[in-house]
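What follows is target_7.cif (mmCIF, N, CA and C atoms).
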```
data_query
loop_
_atom_site.label_atom_id
_atom_site.label_comp_id
_atom_site.auth_asym_id
_atom_site.auth_seq_id
_atom_site.Cartn_x
_atom_site.Cartn_y
_atom_site.Cartn_z
N MET F 18 108.99 79.08 85.39
CA MET F 18 107.71 79.23 84.72
C MET F 18 107.42 80.69 84.42
N LYS F 19 107.76 81.58 85.34
CA LYS F 19 107.47 83.00 85.13
C LYS F 19 108.26 83.54 83.94
N GLU F 20 109.51 83.06 83.76
CA GLU F 20 110.31 83.52 82.63
C GLU F 20 109.63 83.12 81.32
N ILE F 21 109.13 81.91 81.29
CA ILE F 21 108.45 81.44 80.07
C ILE F 21 107.23 82.30 79.80
N LYS F 22 106.44 82.55 80.85
CA LYS F 22 105.26 83.39 80.68
C LYS F 22 105.65 84.78 80.22
N SER F 23 106.67 85.35 80.85
CA SER F 23 107.10 86.69 80.51
C SER F 23 107.59 86.73 79.07
N THR F 24 108.41 85.73 78.68
CA THR F 24 108.91 85.67 77.33
C THR F 24 107.75 85.52 76.35
N PHE F 25 106.80 84.69 76.68
CA PHE F 25 105.63 84.49 75.83
C PHE F 25 104.86 85.78 75.64
N VAL F 26 104.62 86.48 76.74
CA VAL F 26 103.89 87.74 76.66
C VAL F 26 104.69 88.76 75.87
N ASP F 27 106.00 88.80 76.10
CA ASP F 27 106.83 89.74 75.33
C ASP F 27 106.78 89.43 73.84
N ARG F 28 106.89 88.15 73.49
CA ARG F 28 106.82 87.77 72.07
C ARG F 28 105.47 88.13 71.50
N PHE F 29 104.41 87.84 72.25
CA PHE F 29 103.07 88.14 71.77
C PHE F 29 102.89 89.65 71.59
N ALA F 30 103.35 90.43 72.58
CA ALA F 30 103.24 91.89 72.48
C ALA F 30 104.02 92.41 71.28
N ASN F 31 105.23 91.87 71.06
CA ASN F 31 106.01 92.29 69.89
C ASN F 31 105.30 91.92 68.60
N PHE F 32 104.70 90.74 68.55
CA PHE F 32 103.98 90.31 67.36
C PHE F 32 102.83 91.28 67.05
N VAL F 33 102.06 91.61 68.07
CA VAL F 33 100.92 92.50 67.87
C VAL F 33 101.40 93.91 67.51
N CYS F 34 102.44 94.40 68.21
CA CYS F 34 102.94 95.76 67.96
C CYS F 34 103.60 95.87 66.59
N ASP F 35 104.28 94.80 66.15
CA ASP F 35 104.92 94.83 64.84
C ASP F 35 103.90 94.83 63.72
N ASN F 36 102.69 94.50 64.05
CA ASN F 36 101.63 94.42 63.04
C ASN F 36 100.54 95.45 63.33
N GLU F 37 100.95 96.67 63.69
CA GLU F 37 99.99 97.71 64.05
C GLU F 37 99.01 98.01 62.93
N ASP F 38 99.48 97.91 61.69
CA ASP F 38 98.62 98.25 60.57
C ASP F 38 97.66 97.11 60.20
N VAL F 39 97.82 95.97 60.88
CA VAL F 39 96.93 94.82 60.62
C VAL F 39 95.78 94.87 61.62
N SER F 40 94.58 94.62 61.14
CA SER F 40 93.41 94.68 62.02
C SER F 40 93.41 93.51 63.00
N THR F 41 92.67 93.70 64.08
CA THR F 41 92.52 92.64 65.08
C THR F 41 91.90 91.40 64.43
N ALA F 42 90.94 91.63 63.57
CA ALA F 42 90.29 90.50 62.87
C ALA F 42 91.30 89.73 62.04
N GLN F 43 92.22 90.43 61.39
CA GLN F 43 93.22 89.76 60.57
C GLN F 43 94.20 88.98 61.43
N ILE F 44 94.63 89.58 62.55
CA ILE F 44 95.52 88.86 63.47
C ILE F 44 94.83 87.61 63.98
N ARG F 45 93.58 87.74 64.35
CA ARG F 45 92.80 86.60 64.83
C ARG F 45 92.73 85.51 63.77
N SER F 46 92.46 85.91 62.54
CA SER F 46 92.37 84.97 61.44
C SER F 46 93.71 84.27 61.20
N ASP F 47 94.82 85.04 61.22
CA ASP F 47 96.16 84.46 61.03
C ASP F 47 96.47 83.43 62.11
N LEU F 48 96.13 83.78 63.36
CA LEU F 48 96.38 82.84 64.45
C LEU F 48 95.54 81.57 64.29
N GLN F 49 94.29 81.72 63.88
CA GLN F 49 93.43 80.55 63.68
C GLN F 49 93.97 79.68 62.55
N GLU F 50 94.47 80.31 61.50
CA GLU F 50 95.06 79.56 60.38
C GLU F 50 96.28 78.76 60.83
N ASP F 51 96.99 79.28 61.83
CA ASP F 51 98.16 78.58 62.37
C ASP F 51 97.77 77.52 63.40
N GLY F 52 96.46 77.31 63.58
CA GLY F 52 95.99 76.28 64.48
C GLY F 52 95.86 76.71 65.93
N VAL F 53 95.86 78.01 66.16
CA VAL F 53 95.74 78.51 67.53
C VAL F 53 94.26 78.65 67.89
N ASN F 54 93.90 78.11 69.06
CA ASN F 54 92.55 78.32 69.60
C ASN F 54 92.57 79.73 70.19
N VAL F 55 92.13 80.71 69.42
CA VAL F 55 92.27 82.11 69.77
C VAL F 55 91.52 82.43 71.06
N ASP F 56 90.31 81.92 71.23
CA ASP F 56 89.56 82.22 72.45
C ASP F 56 90.26 81.65 73.69
N GLY F 57 90.74 80.42 73.60
CA GLY F 57 91.48 79.83 74.71
C GLY F 57 92.78 80.58 74.98
N PHE F 58 93.46 80.93 73.89
CA PHE F 58 94.70 81.68 73.98
C PHE F 58 94.47 83.02 74.67
N MET F 59 93.45 83.75 74.26
CA MET F 59 93.16 85.06 74.86
C MET F 59 92.75 84.91 76.32
N GLY F 60 92.05 83.83 76.63
CA GLY F 60 91.70 83.57 78.02
C GLY F 60 92.94 83.39 78.88
N ARG F 61 93.92 82.66 78.34
CA ARG F 61 95.17 82.46 79.07
C ARG F 61 95.93 83.77 79.22
N VAL F 62 95.94 84.59 78.17
CA VAL F 62 96.63 85.88 78.23
C VAL F 62 95.96 86.76 79.28
N ARG F 63 94.63 86.80 79.27
CA ARG F 63 93.91 87.61 80.27
C ARG F 63 94.23 87.14 81.69
N MET F 64 94.26 85.81 81.88
CA MET F 64 94.56 85.26 83.20
C MET F 64 95.97 85.64 83.63
N LEU F 65 96.92 85.55 82.71
CA LEU F 65 98.30 85.90 83.02
C LEU F 65 98.41 87.38 83.38
N VAL F 66 97.78 88.23 82.61
CA VAL F 66 97.82 89.67 82.89
C VAL F 66 97.16 89.95 84.23
N ALA F 67 96.03 89.31 84.51
CA ALA F 67 95.33 89.51 85.78
C ALA F 67 96.21 89.06 86.95
N GLU F 68 96.89 87.92 86.81
CA GLU F 68 97.76 87.43 87.88
C GLU F 68 98.92 88.40 88.14
N GLN F 69 99.53 88.89 87.06
CA GLN F 69 100.66 89.81 87.22
C GLN F 69 100.20 91.14 87.79
N THR F 70 99.04 91.61 87.35
CA THR F 70 98.49 92.86 87.87
C THR F 70 98.15 92.72 89.35
N SER F 71 97.53 91.61 89.70
CA SER F 71 97.18 91.36 91.10
C SER F 71 98.43 91.29 91.98
N ALA F 72 99.46 90.64 91.49
CA ALA F 72 100.71 90.54 92.27
C ALA F 72 101.33 91.92 92.46
N ALA F 73 101.29 92.74 91.42
CA ALA F 73 101.84 94.10 91.53
C ALA F 73 101.04 94.94 92.52
N ILE F 74 99.73 94.80 92.48
CA ILE F 74 98.86 95.55 93.41
C ILE F 74 99.14 95.11 94.85
N ARG F 75 99.26 93.79 95.07
CA ARG F 75 99.55 93.30 96.42
C ARG F 75 100.92 93.80 96.91
N ALA F 76 101.91 93.81 96.02
CA ALA F 76 103.24 94.28 96.41
C ALA F 76 103.19 95.76 96.77
N ASN F 77 102.49 96.55 95.97
CA ASN F 77 102.37 97.99 96.27
C ASN F 77 101.61 98.21 97.58
N ALA F 78 100.58 97.43 97.81
CA ALA F 78 99.80 97.56 99.05
C ALA F 78 100.68 97.23 100.25
N GLU F 79 101.49 96.21 100.13
CA GLU F 79 102.39 95.83 101.24
C GLU F 79 103.38 96.95 101.54
N ILE F 80 103.88 97.60 100.50
CA ILE F 80 104.80 98.72 100.69
C ILE F 80 104.09 99.86 101.43
N GLU F 81 102.87 100.17 101.02
CA GLU F 81 102.11 101.25 101.67
C GLU F 81 101.77 100.91 103.12
N ILE F 82 101.44 99.65 103.38
CA ILE F 82 101.15 99.22 104.75
C ILE F 82 102.39 99.37 105.62
N THR F 83 103.53 98.97 105.09
CA THR F 83 104.79 99.10 105.84
C THR F 83 105.10 100.56 106.13
N LYS F 84 104.92 101.42 105.14
CA LYS F 84 105.16 102.86 105.35
C LYS F 84 104.22 103.42 106.42
N ALA F 85 102.96 103.03 106.37
CA ALA F 85 101.98 103.52 107.35
C ALA F 85 102.35 103.05 108.76
N ARG F 86 102.78 101.80 108.87
CA ARG F 86 103.20 101.29 110.19
C ARG F 86 104.41 102.06 110.71
N GLU F 87 105.34 102.35 109.82
CA GLU F 87 106.53 103.10 110.23
C GLU F 87 106.15 104.50 110.69
N ARG F 88 105.26 105.16 109.94
CA ARG F 88 104.80 106.50 110.34
C ARG F 88 104.09 106.44 111.68
N ASN F 89 103.26 105.43 111.88
CA ASN F 89 102.54 105.26 113.13
C ASN F 89 103.52 105.06 114.29
N ASP F 90 104.53 104.23 114.07
CA ASP F 90 105.53 103.99 115.11
C ASP F 90 106.32 105.26 115.41
N ASP F 91 106.64 106.04 114.37
CA ASP F 91 107.36 107.30 114.58
C ASP F 91 106.54 108.26 115.44
N VAL F 92 105.26 108.36 115.15
CA VAL F 92 104.38 109.25 115.93
C VAL F 92 104.28 108.74 117.36
N SER F 93 104.16 107.45 117.54
CA SER F 93 104.08 106.88 118.90
C SER F 93 105.34 107.21 119.70
N ARG F 94 106.50 107.06 119.08
CA ARG F 94 107.76 107.38 119.78
C ARG F 94 107.81 108.87 120.12
N GLN F 95 107.40 109.70 119.18
CA GLN F 95 107.41 111.16 119.40
C GLN F 95 106.50 111.53 120.57
N VAL F 96 105.29 111.02 120.57
CA VAL F 96 104.31 111.37 121.61
C VAL F 96 104.75 110.84 122.97
N SER F 97 105.37 109.67 122.99
CA SER F 97 105.79 109.10 124.28
C SER F 97 106.87 109.95 124.95
N GLN F 98 107.55 110.79 124.19
CA GLN F 98 108.60 111.64 124.75
C GLN F 98 108.08 113.00 125.21
N TYR F 99 106.83 113.32 124.91
CA TYR F 99 106.25 114.60 125.32
C TYR F 99 106.03 114.64 126.84
N SER F 100 106.31 115.76 127.42
CA SER F 100 105.94 115.97 128.83
C SER F 100 104.43 116.22 128.89
N ARG F 101 103.88 116.16 130.07
CA ARG F 101 102.44 116.44 130.22
C ARG F 101 102.11 117.85 129.73
N GLU F 102 103.01 118.81 130.01
CA GLU F 102 102.78 120.19 129.57
C GLU F 102 102.75 120.28 128.04
N GLU F 103 103.65 119.55 127.38
CA GLU F 103 103.66 119.55 125.91
C GLU F 103 102.39 118.90 125.36
N LEU F 104 101.96 117.83 126.03
CA LEU F 104 100.72 117.17 125.61
C LEU F 104 99.54 118.13 125.73
N LEU F 105 99.44 118.81 126.88
CA LEU F 105 98.34 119.77 127.08
C LEU F 105 98.41 120.92 126.08
N ARG F 106 99.62 121.43 125.82
CA ARG F 106 99.78 122.52 124.87
C ARG F 106 99.32 122.08 123.47
N THR F 107 99.69 120.89 123.08
CA THR F 107 99.30 120.35 121.77
C THR F 107 97.79 120.12 121.71
N TYR F 108 97.24 119.63 122.79
CA TYR F 108 95.80 119.38 122.90
C TYR F 108 95.03 120.69 122.74
N LEU F 109 95.47 121.73 123.43
CA LEU F 109 94.81 123.04 123.34
C LEU F 109 94.99 123.65 121.95
N ALA F 110 96.15 123.44 121.35
CA ALA F 110 96.39 123.93 119.99
C ALA F 110 95.45 123.24 119.00
N ALA F 111 95.25 121.96 119.23
CA ALA F 111 94.34 121.21 118.36
C ALA F 111 92.91 121.71 118.53
N GLN F 112 92.50 121.97 119.75
CA GLN F 112 91.14 122.48 120.00
C GLN F 112 90.91 123.81 119.27
N SER F 113 91.95 124.61 119.18
CA SER F 113 91.81 125.93 118.53
C SER F 113 91.99 125.86 117.01
N GLY F 114 92.23 124.67 116.48
CA GLY F 114 92.33 124.51 115.04
C GLY F 114 93.73 124.59 114.48
N GLN F 115 94.73 124.70 115.33
CA GLN F 115 96.11 124.82 114.86
C GLN F 115 96.70 123.50 114.37
N MET F 116 96.00 122.41 114.56
CA MET F 116 96.48 121.09 114.14
C MET F 116 95.61 120.53 113.00
N GLY F 117 94.97 121.42 112.28
CA GLY F 117 94.12 121.00 111.17
C GLY F 117 92.69 120.74 111.62
N HIS F 118 91.83 120.64 110.64
CA HIS F 118 90.41 120.45 110.91
C HIS F 118 90.13 119.11 111.62
N SER F 119 90.75 118.05 111.13
CA SER F 119 90.53 116.74 111.75
C SER F 119 91.05 116.72 113.19
N GLY F 120 92.22 117.33 113.41
CA GLY F 120 92.77 117.41 114.76
C GLY F 120 91.86 118.17 115.70
N GLN F 121 91.26 119.24 115.19
CA GLN F 121 90.33 120.02 116.00
C GLN F 121 89.10 119.19 116.35
N GLU F 122 88.59 118.45 115.38
CA GLU F 122 87.41 117.61 115.64
C GLU F 122 87.70 116.56 116.70
N ILE F 123 88.89 115.94 116.61
CA ILE F 123 89.26 114.92 117.60
C ILE F 123 89.36 115.54 118.99
N ALA F 124 90.03 116.67 119.08
CA ALA F 124 90.23 117.33 120.39
C ALA F 124 88.90 117.79 120.98
N LEU F 125 88.06 118.40 120.16
CA LEU F 125 86.77 118.89 120.67
C LEU F 125 85.85 117.74 121.07
N ALA F 126 85.86 116.67 120.29
CA ALA F 126 85.03 115.51 120.62
C ALA F 126 85.48 114.91 121.96
N ALA F 127 86.78 114.84 122.17
CA ALA F 127 87.30 114.29 123.43
C ALA F 127 86.92 115.19 124.60
N ARG F 128 87.02 116.49 124.40
CA ARG F 128 86.67 117.44 125.47
C ARG F 128 85.18 117.32 125.79
N ASN F 129 84.36 117.26 124.76
CA ASN F 129 82.92 117.19 124.96
C ASN F 129 82.47 115.86 125.55
N ALA F 130 83.21 114.81 125.27
CA ALA F 130 82.83 113.48 125.76
C ALA F 130 83.06 113.33 127.25
N SER F 131 84.16 113.90 127.75
CA SER F 131 84.47 113.67 129.16
C SER F 131 84.20 114.89 130.04
N GLY F 132 84.45 116.06 129.51
CA GLY F 132 84.27 117.26 130.31
C GLY F 132 85.43 117.51 131.25
N ASP F 133 86.12 116.46 131.66
CA ASP F 133 87.27 116.59 132.56
C ASP F 133 88.56 116.69 131.73
N GLU F 134 89.60 117.18 132.37
CA GLU F 134 90.90 117.19 131.71
C GLU F 134 91.40 115.75 131.63
N PRO F 135 91.81 115.29 130.44
CA PRO F 135 92.26 113.90 130.31
C PRO F 135 93.55 113.65 131.08
N ASP F 136 93.72 112.41 131.52
CA ASP F 136 94.97 112.07 132.19
C ASP F 136 96.07 111.93 131.13
N THR F 137 97.29 111.70 131.55
CA THR F 137 98.44 111.67 130.64
C THR F 137 98.30 110.59 129.57
N GLU F 138 97.86 109.43 129.98
CA GLU F 138 97.70 108.33 129.02
C GLU F 138 96.65 108.67 127.97
N GLU F 139 95.54 109.25 128.40
CA GLU F 139 94.49 109.66 127.46
C GLU F 139 95.01 110.77 126.53
N LEU F 140 95.77 111.70 127.09
CA LEU F 140 96.36 112.76 126.27
C LEU F 140 97.30 112.20 125.21
N GLN F 141 98.11 111.24 125.61
CA GLN F 141 99.03 110.63 124.64
C GLN F 141 98.25 109.98 123.49
N ALA F 142 97.19 109.26 123.83
CA ALA F 142 96.38 108.63 122.79
C ALA F 142 95.73 109.68 121.89
N LEU F 143 95.20 110.74 122.50
CA LEU F 143 94.58 111.82 121.72
C LEU F 143 95.58 112.51 120.81
N ILE F 144 96.74 112.85 121.35
CA ILE F 144 97.76 113.54 120.56
C ILE F 144 98.26 112.64 119.43
N HIS F 145 98.39 111.37 119.72
CA HIS F 145 98.77 110.41 118.67
C HIS F 145 97.76 110.48 117.53
N ASP F 146 96.49 110.39 117.86
CA ASP F 146 95.43 110.44 116.84
C ASP F 146 95.43 111.77 116.09
N ILE F 147 95.65 112.85 116.82
CA ILE F 147 95.66 114.18 116.20
C ILE F 147 96.83 114.31 115.22
N LEU F 148 98.00 113.87 115.64
CA LEU F 148 99.17 113.96 114.76
C LEU F 148 99.02 113.06 113.54
N ARG F 149 98.47 111.87 113.73
CA ARG F 149 98.26 110.96 112.59
C ARG F 149 97.23 111.56 111.62
N SER F 150 96.18 112.17 112.15
CA SER F 150 95.18 112.77 111.26
C SER F 150 95.78 113.94 110.51
N ARG F 151 96.65 114.70 111.16
CA ARG F 151 97.32 115.82 110.48
C ARG F 151 98.21 115.29 109.37
N ASP F 152 98.93 114.21 109.62
CA ASP F 152 99.77 113.60 108.59
C ASP F 152 98.93 113.13 107.41
N GLN F 153 97.80 112.51 107.72
CA GLN F 153 96.92 112.02 106.65
C GLN F 153 96.34 113.17 105.84
N ASP F 154 95.99 114.27 106.53
CA ASP F 154 95.48 115.44 105.82
C ASP F 154 96.53 116.00 104.87
N LYS F 155 97.79 115.98 105.30
CA LYS F 155 98.88 116.49 104.46
C LYS F 155 99.07 115.62 103.23
N GLN F 156 98.85 114.31 103.38
CA GLN F 156 99.04 113.38 102.27
C GLN F 156 97.89 113.43 101.28
N SER F 157 96.74 113.91 101.72
CA SER F 157 95.57 113.95 100.84
C SER F 157 95.65 115.05 99.83
#
```
Would you write the structure of this file as structure tokens?
Amino acid sequence: MKEIKSTFVDRFANFVCDNEDVSTAQIRSDLQEDGVNVDGFMGRVRMLVAEQTSAAIRANAEIEITKARERNDDVSRQVSQYSREELLRTYLAAQSGQMGHSGQEIALAARNASGDEPDTEELQALIHDILRSRDQDKQS
């Protein structure tokens, strides 16, 4: 069915493009003379274009979601290999702004919220968030 739709759209596009010098009103009139219900026909074309556009958007979104998950997993693996000293060093670097503005905000908010030095698990979660925010800032 998709081949038929694609072929139909291709033929229709070629018909319209081959007649660039013909007005839309004239094309409409020619189609009506050939017995085509132009309004119904255009409704079907719009629906077909909308379906194909929607499918392309969903496919692109799925690709982006997969990439984001992979980046998130990469950061998780990286952070899980940090020693406590590396975590603390990264945390302090973030507080001083060396990990970007968003990283600094995350680190300062965490410091202000607890007042105590975070444990290793909390540090891992914080560093994960800081690194992900830095990646997102780079992509923006």
TODO: For the file shown, report as a list of chain:residue names the outcome of the PyMOL selection byres ((chain F and resi 117-124) around 8) at residue level.
DONE: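 Applying the expression gives F:Tyr108, F:Leu109, F:Ala110, F:Ala111, F:Gln112, F:Ser113, F:Gly114, F:Gln115, F:Met116, F:Leu125, F:Ala126, F:Ala127, F:Arg128, F:Asn129, F:Ala130, F:Leu143, F:Ile144, F:Asp146, F:Ile147, F:Leu148, F:Arg149, F:Ser150, F:Arg151, F:Asp154.
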Task: Nearest to Asp136 in chain F by atom-to-atom distance, counting all atoms listed in the file, from F:Arg101, F:Gln153, F:Ile44, F:Ala73 - done: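 Closest to Asp136 in chain F, using all atoms listed in the file: F:Arg101.
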Taking all listed atoms of range 45-53 of chain F, build the axis-aligned box, pad each of the six sides by 5 Å, then write its centre and edge lengths in Å to one decimal as JSON.
```
{"center_x": 95.3, "center_y": 82.0, "center_z": 64.1, "size_x": 15.8, "size_y": 21.5, "size_z": 17.5}
```
Task: Residue among F:Glu37, F:Ser93, F:Gln141, F:Ala78 lying closest to Leu105 in chain F, counting only N, CA and C atoms - done: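 Using only N, CA and C atoms, Leu105 in chain F sits closest to F:Gln141.
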TODO: From the DSSP assignment of the backbone, select every residue of chain F that is alpha helix (DSSP H), and format the answer as a ChimeraX atom specification.
DONE: /F:19-35,41-50,55-97,101-112,117-131,137-156
Task: Neighbour residues at most 12 Å from (91.9, 88.8, 65.0) (only C-alpha atoms) as a ChimeraX atom specification - done: /F:33,36,39-50,53-56,58-59
Open item on the list: Between atom N of Asn89 in chain F and atom N of Asp152 in chain F, what is the distance in Å, rounded to a tenth?
Closed with: 10.0 Å
Task: Coordinates-based distance that separates CA of Ser131 in chain F from CA of Glu102 in chain F (Å, one decimal) - done: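 Computed distance, CA of Glu102 in chain F to CA of Ser131 in chain F, equals 19.4 Å.
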Task: Point-to-point distance from atom C of Ser100 in chain F to atom C of Leu140 in chain F, Å rounded to tenths - done: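 Computing the Euclidean distance for atom C of Ser100 in chain F and atom C of Leu140 in chain F yields 9.0 Å.
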